[in-house]
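Colleague: Pasting in a structure now, in C-alpha cells, and then I'll have a few things to ask.
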Protein chains: 2
Amino acid sequence: MMFKKTLLSAGVAIATMVSSAAFSSAAFAAEKVDLLIKDATVLTMNTEKAVLENGVVAVKGNKIVAVGNADLADDYVAKTVLDVDGDIVMPGLINTHTHASMTVFRSLADDVPDRLHRYIFPLEKALVSRDMVRIGAQLGNVEMLKGGVTTYADMYYFEDEVAKTVDEIGMRAILGETVIKYPVADAANAQEGIQYAVNFIKQYKDHPRITPAFAPHAPYTNTTEVLQQITELSLALDVPVMIHLAESDRENEVIAERSGGKSPVQYMADIGALTPNLIGAHVINVNDHDIALLKKHDVGVAHNMSANIKSAKGVSPALKMFDDGLRIGLGTDGPMSGNTLSTIDEFNQVAKVHKLVNQDRAAMPPVKVIEMATMGAARALHMEDKIGSLEVGKLADIIVVDTKAPNMVPMYNPYSALVYSAYATNVRHAIVDGNILMQDRDISTVDERSIRDQALQFADKVRESVIASGEQVQ
Amino acid sequence: MMFKKTLLSAGVAIATMVSSAAFSSAAFAAEKVDLLIKDATVLTMNTEKAVLENGVVAVKGNKIVAVGNADLADDYVAKTVLDVDGDIVMPGLINTHTHASMTVFRSLADDVPDRLHRYIFPLEKALVSRDMVRIGAQLGNVEMLKGGVTTYADMYYFEDEVAKTVDEIGMRAILGETVIKYPVADAANAQEGIQYAVNFIKQYKDHPRITPAFAPHAPYTNTTEVLQQITELSLALDVPVMIHLAESDRENEVIAERSGGKSPVQYMADIGALTPNLIGAHVINVNDHDIALLKKHDVGVAHNMSANIKSAKGVSPALKMFDDGLRIGLGTDGPMSGNTLSTIDEFNQVAKVHKLVNQDRAAMPPVKVIEMATMGAARALHMEDKIGSLEVGKLADIIVVDTKAPNMVPMYNPYSALVYSAYATNVRHAIVDGNILMQDRDISTVDERSIRDQALQFADKVRESVIASGEQVQ
C-alpha cells in the first residue's frame, strides 16, 4: 500500500484502496477513450467525498467514463494523456451568480453609497450596448476559465451576445435575460424585456452547453404581475428564473409596503413565484421561516459572500441553509461588486466570515466550502445530475489545480489548501464538455490578448462617459 | 496634457502635472543611475498619496534618487531600464507579523479547537529544529517575495537560521527570537531564550537589511519579570520587541488573574513594557483606553485580519487605531494561521470585513488598505524613515504589479484594483535595497525549485510525526 500523502479530515472517506472496478464503466482492458488524466489527487466530490491518491479520470466524448486509482490507467488507451504529477483534479467550479459583461466597469466607484440607483443604473443607461455586453462577457469568460470556473449563471442585458461568447470559448452557462420596470438598453419596459427573453430562450433552448433563462432583476424592481407572468412562462418553457432576492434594505421596504409587511421571500411565496425553477441570488435578509419556504419550494440559492460584505449588506445565513439541505452554491456577483469572477476568490472569505459570525473556528470547514463551489452550486442551478462531481456518467467539466506553487506547499489536506491558500491563478488546466479549453493557463479557443485589448479600448469610452457626466469615483 | 488614464478617488492628489524637479535630486541631465523604471503607474504612498501617470522612478545604489513624470527619464542614464508598460509601481509590501518557518506545517489541522496548546505546541516540540526553521523560512521567503513582500517581521525559534535565509535571498526583515516560559527547541526556559536572543542580536546588529529583535511570545506565556527584563534589554540594545498582544480569551483570563482584572494592554503599560520599541501583533481585545495607551507609548500594531477571523477570535478595531493615528500595518500571521504570506491576500478581507462590522460600504476604502500595507506597516515597525513609500532618499524597495491580467482589467482606480482584484501572483518584479530580486516572477538569488523540493521532503517527516502521534487533522 502506498504511503498516504494526504492526511484527510475526519469524516472524509479515504478511497485509496477502493477497487477501480467500483468506479469504472470499463469492464475490459484497453478501452479507447479521448482523455486520461493520471497521477492526480482527485477530489471526486461524490456523496462520500472520496479523495483518490494517484487517481485517474477517463473521459470519452463529453462524459466521464471512469474515476479510480492508478491501476485503472492500464484499462484505457487515450488520445490525450494528462499526467498531472500529483496536482488536484476536481470538478470545474460553478459560479452561481454573476454579471460577466460588467467587467468593463470593474474598479469604478467601488465605495459609493446608494451605488446601484445613483451610479450603476445611470452608467448602464449611458453605456450598455451589444458591443459592451460582448466585450465584457469575453473578458469575463477568460477570467472565469482561467480561474477554474467552467459553468456560470449570468444575469444581464443582450444575453444573446453573452451566449455567442460562451459558445465561442466552449464554457457552460445559464444565461438570464434581465426584466426590469425601468427603460434599459434592450427593452423600453418589462413587457419588452419579457419578449426579448422569450425570443432568446427559443433561440438557445436546444444548445448543448447554454441554458437560456429569465432574469427578473429583483422583486422590488418588478411588479407582482410581471413576476407572476415570468413564473408561468418559465414553467411552460421549462427554463430557470434568476433573481436578486432578499438582498437589500430598499427591497425590504418596497416589498413590505407593497405586501402589507411581508418579507421578500414570503411575498414571493404568496404570489406563487417560488418554484423549483427559481434561483435566488444573495438571500441575506431571511429568517428561519423564509429559509423553510425556500426549501419547501426547492429554490436554488447563490451565496455571494464577497459582494455582500463589500457592500456592508450583511452575512447571509448560508451555513444554516447548507446544513438545512437547501440547494446552495457559491457565486461571485458581478465585477463591480465582487470584484473578481473566480469563486476561488470567495473560498477564504466564505470559510472565515462564517467562522467569525458563528464565533466558531470549526464552522464552515473547507470541505463544505468546496462542496458549495461544486455539487452545492450544481444543485443550486438544478444541474446536479450533469455536473458538480467527478463520477461516471457526468459531463466532463474538470479542472487541474497546481500544488507546487509556493502558496500550495505543502499540502496535508487538499480542501484546506484550496480554501485557505489557493489563488485563481493556481488553476493549470480547464476541461469543459470533454474539451481541454485551457492547458497550462493558455486558452485555446479564444485570443486572450485581443479580448483584453478591446476591453481596454472600451474602458476609454467608459472614462470619457464618466468624466462627461461629472460623476466621480469616490 | 495627457489623457488621464486613471480616475482617482476624491482626496487623492493627482500629480500628473507636477514638475519632475520637485521630486528629483537630479539637477542636470544624464545623471548616471543604476535602475530606471519608466512608463509606470506610480503609487508613491507619500503624504499626499500622489499617483503618477507615466511615472518614472530612478535608483542609485540602494536608494531612490528620483520619482517623477515621464520627462524625468531624460535626466538619467541607467544601467538597467525597466519599461513596465503602465503597470503599477509601488513600495514593496511590508508584512508586519509572521512565522515564516511554519510554512512546512501549512494546511495541517486548520480548524482544530484549542489549536495552539493542544496541537501546535506539541507539533513544534516534536519537529522544530535548525533544519526545519531554515527549510520553512526559505519557502516562506520565496512565497513572500513572489507576493510582493520585500520586508517582513518574523517571530520564531533559531532566528539566526532565518537570518541566513534572508541574507541569502536579499530581502529585508526584523527577526525576533522567541522567549517563552515553556521548554522549546532552542531554549529550556525563558532565560535561555533571552540569552539566545541576545547572542543573535549581537551577531546581526549591524546587518544592512536585518534587524534582530526580541520576541516574547505573549504576555500570558511569560512572567512579569521576564517581560520587564526584555523591555530593559531592548532599550539598552536599541532593538525591537515583538509580541502577540490582546489576541486570545486565554490571554485575557491569565492576565486578569495575574493583575487583578487588568486588560493585557493595561497590564503591559503598568509593568513598563509599552515602549516605542514594542510591536504588538493581533491587538483584538482592546478598548478605547487600551488604544490610547498604545498611542501614548508609540507602540506599533500588526493587524492580521485573515488569521483573526479564521480563528474566530474577532475583528481588531484596526480602523479606529488607524484613524486615531496609531502606528498600524498589515500582517499575515504564520502559514498555519493565515495561511498565506503575501499581504495582498489580506487586502480584500481587511477592506470588506471592516465595512461589514462598521455597516458602511465606504469604511476602510482601498487607499487606507494600501497605506496599511506600505507606510502604515513601515510606521508599525518604526522604519518609516527608510521604507514604505517611493520618495527620494528612501531605500529602493519597490514592486511592479501586472495590470494586464484579466482580473486587473480595466483599472480605473489603482487602489481599488489592488485591494479588490489583485492576486499575489500579479506581482511581476520585486526590488529590494536596489537589487532586482525577482523579474517576471523569476527569483535570481535562490533556487525556487530546490527550496520547494526540500520543503516537500520535510513535509513527509511532518506526516510521519503526526501519524505517529495519533493526532488527526480535524
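Just remember, in the C-alpha cells the first chain shown is A, the second B, etc., residues are 1-based per chain, and ligands are 1-based in the order shown.
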Please find the residues of chain B near chain A - the criterion being any atom within 6 Å, counting only C-alpha atoms - and write them as a PyMOL selection string.

Modeller: chain B and resi 9-10+107-108+111+143+309-312+339-340+352+355-356+359-362+406+410+412-413+416-417+420-421+456+473-474

Colleague: Report the residues of segment 13-186 of chain A whose backbone DSSP state falls under strand (DSSP E), written as an MDAnalysis selection string.

Modeller: chainID A and resid 31:43 51:60 63:68 76:83 88:91 93:98 149:156 172:179

Colleague: Using only C-alpha atoms, determine which residues lie at most 6 Å from segment 214-216 of chain B, disregarding the query and same-chain residues fewer than 2 positions distant; provide the list as an NGL selection string.

Modeller: :B and (155 or 176-179 or 218 or 241-243)

Colleague: Output N, CA and C atoms for every residue in that selection, as a short mmCIF file (atom, residue, chain, number, x, y, z; two decimals), in the first residue's frame.

Modeller:
```cif
data_model
loop_
_atom_site.label_atom_id
_atom_site.label_comp_id
_atom_site.auth_asym_id
_atom_site.auth_seq_id
_atom_site.Cartn_x
_atom_site.Cartn_y
_atom_site.Cartn_z
N MET B 155 8.61 36.15 14.00
CA MET B 155 8.81 35.66 15.38
C MET B 155 8.90 34.15 15.31
N GLY B 176 12.65 38.28 15.17
CA GLY B 176 12.54 38.24 16.62
C GLY B 176 12.68 36.83 17.17
N GLU B 177 13.66 36.66 18.04
CA GLU B 177 13.89 35.35 18.67
C GLU B 177 12.89 35.17 19.81
N THR B 178 12.18 34.06 19.77
CA THR B 178 11.10 33.82 20.73
C THR B 178 11.62 33.57 22.15
N VAL B 179 10.94 34.16 23.11
CA VAL B 179 11.15 33.87 24.53
C VAL B 179 9.80 33.42 25.09
N ALA B 218 4.04 36.05 24.28
CA ALA B 218 2.81 36.78 24.64
C ALA B 218 2.92 37.17 26.11
N VAL B 241 10.97 44.85 20.11
CA VAL B 241 10.36 43.73 20.83
C VAL B 241 9.04 43.42 20.14
N MET B 242 8.88 42.17 19.72
CA MET B 242 7.61 41.79 19.07
C MET B 242 6.88 40.81 19.96
N ILE B 243 5.58 40.98 20.05
CA ILE B 243 4.80 40.15 20.99
C ILE B 243 3.38 39.98 20.47
#
```

Colleague: Quick one: distance from atom CA of Thr98 of chain B to atom CA of Thr374 of chain B in Å, one decimal?

Modeller: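 Result for atom CA of Thr98 of chain B versus atom CA of Thr374 of chain B: 15.9 Å, one decimal.
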
Colleague: Check the smallest atom-to-atom distance from each of A:Met45, A:Leu233, A:Leu127, A:Ile37 to Met372 of chain A using only C-alpha atoms, then report the winner.

Modeller: A:Met45

Colleague: Quick one: residues within 12 Å of Arg250 of chain A, only C-alpha atoms counted, chain neighbours fewer than 3 positions away excluded, as a list in words?

Modeller: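 Answer for this query is Asp114, Leu116, His117, Ala218, Pro219, Tyr220, Thr221, Leu245, Ala246, Glu247, Glu253, Val254, Ile255, Ala256, Glu257, Ser263, Pro264, Asn285 and Lys313 of chain A.
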
Colleague: Kindly export the residues of the current selection with C-alpha atoms, as a CSV table (one decimal), in the first residue's frame.

Modeller:
```csv
chain,number,residue,atom,x,y,z
A,114,ASP,CA,-26.6,54.2,-2.9
A,116,LEU,CA,-27.0,50.8,-7.7
A,117,HIS,CA,-29.5,53.6,-8.2
A,218,ALA,CA,-35.5,41.7,-8.2
A,219,PRO,CA,-38.9,41.6,-6.6
A,220,TYR,CA,-38.9,45.3,-5.9
A,221,THR,CA,-37.9,46.3,-9.4
A,245,LEU,CA,-33.6,38.1,-3.7
A,246,ALA,CA,-33.7,39.3,-0.1
A,247,GLU,CA,-30.6,41.4,-0.8
A,253,GLU,CA,-39.0,48.4,2.4
A,254,VAL,CA,-40.6,48.4,-1.0
A,255,ILE,CA,-41.9,44.8,-0.7
A,256,ALA,CA,-43.2,45.4,2.9
A,257,GLU,CA,-45.1,48.4,1.6
A,263,SER,CA,-40.5,39.7,3.8
A,264,PRO,CA,-39.4,39.4,0.2
A,285,ASN,CA,-32.4,39.1,4.7
A,313,LYS,CA,-25.3,44.4,3.4
```

Colleague: Just want the 10 Å neighbourhood of Gly393 of chain A, counted on only C-alpha atoms, with same-chain residues fewer than 6 positions away dropped. Output as a list in words.

Modeller: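 Near neighbours after the sequence-gap exclusion: Ser25, Val59, Lys60, Asn62, Lys63, Ile64, Val65, Ala66, Asp385, Lys386 and Ile387 of chain A.
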
Colleague: Pick the closest to Ala197 of chain A from A:Phe158, A:Tyr119, A:Tyr152, A:Phe347: which is it, counting only C-alpha atoms?

Modeller: A:Phe158

Colleague: Find the spatial neighbours of segment 378-380 of chain B, counting only C-alpha atoms, within a cut-off of 6 Å - ignore same-chain residues fewer than 4 positions away - and output them as a ChimeraX atom specification.

Modeller: /B:300-301,327-329,384,388

Colleague: Could you please take those selected residues and save N, CA and C atoms as a PDB file, in the first residue's frame?

Modeller:
```pdb
ATOM      1  N   GLY B 300       3.876  49.959  18.025  1.00  0.00           N
ATOM      2  CA  GLY B 300       3.451  49.525  16.693  1.00  0.00           C
ATOM      3  C   GLY B 300       2.437  48.402  16.782  1.00  0.00           C
ATOM      4  N   VAL B 301       1.544  48.343  15.800  1.00  0.00           N
ATOM      5  CA  VAL B 301       0.491  47.313  15.801  1.00  0.00           C
ATOM      6  C   VAL B 301       0.471  46.573  14.458  1.00  0.00           C
ATOM      7  N   ARG B 327       0.446  53.671  14.971  1.00  0.00           N
ATOM      8  CA  ARG B 327       1.344  53.016  14.015  1.00  0.00           C
ATOM      9  C   ARG B 327       0.787  51.626  13.749  1.00  0.00           C
ATOM     10  N   ILE B 328       0.147  51.444  12.612  1.00  0.00           N
ATOM     11  CA  ILE B 328      -0.508  50.151  12.348  1.00  0.00           C
ATOM     12  C   ILE B 328      -0.364  49.749  10.892  1.00  0.00           C
ATOM     13  N   GLY B 329      -0.020  48.487  10.705  1.00  0.00           N
ATOM     14  CA  GLY B 329       0.137  47.963   9.353  1.00  0.00           C
ATOM     15  C   GLY B 329      -0.356  46.535   9.269  1.00  0.00           C
ATOM     16  N   GLU B 384       9.675  53.990   9.150  1.00  0.00           N
ATOM     17  CA  GLU B 384       9.070  54.880   8.160  1.00  0.00           C
ATOM     18  C   GLU B 384      10.045  55.872   7.546  1.00  0.00           C
ATOM     19  N   GLY B 388       8.570  52.144   2.887  1.00  0.00           N
ATOM     20  CA  GLY B 388       7.127  52.347   2.976  1.00  0.00           C
ATOM     21  C   GLY B 388       6.552  53.295   1.935  1.00  0.00           C
TER      22      GLY B 388
END
```

Colleague: Write out as a ChimeraX atom specification the residues lying within 6 Å of segment 80-96 of chain B, counting only C-alpha atoms and excluding same-chain residues fewer than 3 positions away.

Modeller: /B:35-43,148-153,302,330-331,373-374,377,388-390,397-403

Colleague: Could you turn the residues from that selection into a file that holds N, CA, C and O atoms, as a CSV table (one decimal), in the first residue's frame?

Modeller:
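out-v1.csv written:
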```
chain,number,residue,atom,x,y,z
B,35,LEU,N,19.3,52.0,-11.9
B,35,LEU,CA,18.0,51.5,-12.4
B,35,LEU,C,17.0,52.6,-12.6
B,35,LEU,O,16.9,53.5,-11.8
B,36,LEU,N,16.3,52.5,-13.8
B,36,LEU,CA,15.3,53.4,-14.1
B,36,LEU,C,14.0,52.7,-14.5
B,36,LEU,O,14.0,51.8,-15.4
B,37,ILE,N,13.0,52.9,-13.7
B,37,ILE,CA,11.7,52.3,-14.0
B,37,ILE,C,10.8,53.3,-14.7
B,37,ILE,O,10.7,54.4,-14.2
B,38,LYS,N,10.3,53.0,-15.9
B,38,LYS,CA,9.5,54.0,-16.6
B,38,LYS,C,8.2,53.5,-17.1
B,38,LYS,O,7.9,52.3,-17.0
B,39,ASP,N,7.4,54.4,-17.6
B,39,ASP,CA,6.0,54.1,-18.1
B,39,ASP,C,5.2,53.4,-17.0
B,39,ASP,O,4.6,52.4,-17.3
B,40,ALA,N,5.3,53.9,-15.8
B,40,ALA,CA,4.7,53.3,-14.7
B,40,ALA,C,3.5,54.1,-14.1
B,40,ALA,O,3.5,55.3,-14.2
B,41,THR,N,2.5,53.3,-13.6
B,41,THR,CA,1.5,54.0,-12.7
B,41,THR,C,2.1,53.9,-11.3
B,41,THR,O,2.0,52.9,-10.6
B,42,VAL,N,2.7,55.1,-10.9
B,42,VAL,CA,3.4,55.1,-9.7
B,42,VAL,C,2.5,55.5,-8.5
B,42,VAL,O,1.9,56.5,-8.5
B,43,LEU,N,2.4,54.6,-7.6
B,43,LEU,CA,1.7,54.9,-6.3
B,43,LEU,C,2.8,55.3,-5.3
B,43,LEU,O,3.5,54.4,-4.8
B,148,GLY,N,5.2,40.0,-3.5
B,148,GLY,CA,5.5,41.4,-3.3
B,148,GLY,C,5.9,41.9,-2.0
B,148,GLY,O,6.0,43.1,-1.8
B,149,VAL,N,6.1,41.0,-1.1
B,149,VAL,CA,6.6,41.4,0.3
B,149,VAL,C,8.1,41.6,0.2
B,149,VAL,O,8.8,40.6,-0.2
B,150,THR,N,8.6,42.7,0.5
B,150,THR,CA,10.0,43.0,0.5
B,150,THR,C,10.6,43.0,1.9
B,150,THR,O,11.8,42.8,2.1
B,151,THR,N,9.8,43.4,2.9
B,151,THR,CA,10.2,43.4,4.3
B,151,THR,C,9.2,42.6,5.1
B,151,THR,O,8.0,42.8,4.9
B,152,TYR,N,9.7,41.8,6.1
B,152,TYR,CA,8.8,41.1,7.0
B,152,TYR,C,9.3,41.1,8.4
B,152,TYR,O,10.5,41.2,8.6
B,153,ALA,N,8.4,41.0,9.3
B,153,ALA,CA,8.7,40.9,10.7
B,153,ALA,C,8.3,39.5,11.2
B,153,ALA,O,7.2,39.1,11.1
B,302,ALA,N,0.5,45.2,14.5
B,302,ALA,CA,0.3,44.4,13.4
B,302,ALA,C,-1.1,43.9,13.3
B,302,ALA,O,-1.6,43.2,14.2
B,330,LEU,N,-0.4,46.0,8.0
B,330,LEU,CA,-1.0,44.7,7.8
B,330,LEU,C,0.1,43.6,8.0
B,330,LEU,O,1.3,43.8,7.7
B,331,GLY,N,-0.4,42.5,8.6
B,331,GLY,CA,0.5,41.3,8.7
B,331,GLY,C,-0.4,40.1,8.3
B,331,GLY,O,-1.6,40.2,8.3
B,373,ALA,N,-0.6,48.7,4.2
B,373,ALA,CA,0.3,47.7,3.7
B,373,ALA,C,1.7,48.2,3.4
B,373,ALA,O,2.7,47.5,3.2
B,374,THR,N,1.8,49.6,3.4
B,374,THR,CA,3.1,50.2,3.0
B,374,THR,C,3.6,51.2,4.1
B,374,THR,O,4.2,50.7,5.0
B,377,ALA,N,2.6,50.1,7.6
B,377,ALA,CA,3.4,49.0,8.1
B,377,ALA,C,4.8,49.4,8.5
B,377,ALA,O,5.4,49.0,9.4
B,388,GLY,N,8.6,52.1,2.9
B,388,GLY,CA,7.1,52.3,3.0
B,388,GLY,C,6.6,53.3,1.9
B,388,GLY,O,5.4,53.3,1.7
B,389,SER,N,7.4,54.1,1.3
B,389,SER,CA,6.9,55.0,0.2
B,389,SER,C,8.0,55.1,-0.8
B,389,SER,O,9.2,54.8,-0.6
B,390,LEU,N,7.6,55.6,-2.0
B,390,LEU,CA,8.6,55.9,-3.1
B,390,LEU,C,8.9,57.4,-3.0
B,390,LEU,O,8.1,58.2,-3.6
B,397,ASP,N,13.1,49.7,-2.2
B,397,ASP,CA,12.3,48.5,-2.0
B,397,ASP,C,11.0,48.8,-2.8
B,397,ASP,O,10.1,49.5,-2.4
B,398,ILE,N,10.9,48.2,-4.0
B,398,ILE,CA,9.9,48.5,-5.0
B,398,ILE,C,9.3,47.3,-5.6
B,398,ILE,O,10.1,46.3,-5.9
B,399,ILE,N,8.0,47.3,-5.9
B,399,ILE,CA,7.4,46.2,-6.6
B,399,ILE,C,6.6,46.7,-7.8
B,399,ILE,O,6.2,47.8,-7.9
B,400,VAL,N,6.5,45.8,-8.8
B,400,VAL,CA,5.8,46.1,-10.0
B,400,VAL,C,4.6,45.1,-10.1
B,400,VAL,O,4.9,43.9,-10.0
B,401,VAL,N,3.4,45.6,-10.3
B,401,VAL,CA,2.2,44.7,-10.3
B,401,VAL,C,1.6,44.8,-11.7
B,401,VAL,O,1.3,45.9,-12.2
B,402,ASP,N,1.4,43.6,-12.3
B,402,ASP,CA,0.8,43.5,-13.6
B,402,ASP,C,-0.6,44.1,-13.6
B,402,ASP,O,-1.4,43.8,-12.7
B,403,THR,N,-0.9,44.9,-14.6
B,403,THR,CA,-2.2,45.4,-14.8
B,403,THR,C,-2.9,44.9,-16.0
B,403,THR,O,-4.0,45.4,-16.4
```

Colleague: Using atom CA of Thr211 of chain B and atom CA of Ala163 of chain B as the two end points, give the distance in Å to one decimal.

Modeller: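 Atom CA of Ala163 of chain B lies at a distance of 9.2 Å from atom CA of Thr211 of chain B.
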
Colleague: Looking only at helix (DSSP H, G or I) from DSSP on the backbone, list the matching residues of segment 195-410 of chain B as a ChimeraX atom specification.

Modeller: /B:195-204,219-221,224-237,249-259,264-270,288-296,305-310,318-323,344-358,366-373,375-380,406-408

Colleague: So how far away is atom CA of Val239 of chain A from atom CA of Asn277 of chain A, in Å?

Modeller: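 Atom CA of Val239 of chain A lies at a distance of 6.7 Å from atom CA of Asn277 of chain A.
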
Colleague: From the set A:His297, A:His244, A:Arg441, A:His303, which residue has the shortest atom-to-atom contact distance to Val350 of chain A, counting only C-alpha atoms?

Modeller: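 For Val350 of chain A, the nearest of the candidates is A:His303.
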
Colleague: Have a look at A:Ala137, A:Val283, A:Ala30, A:Ile174 and name the one nearest to Pro317 of chain A; count only C-alpha atoms.

Modeller: A:Val283
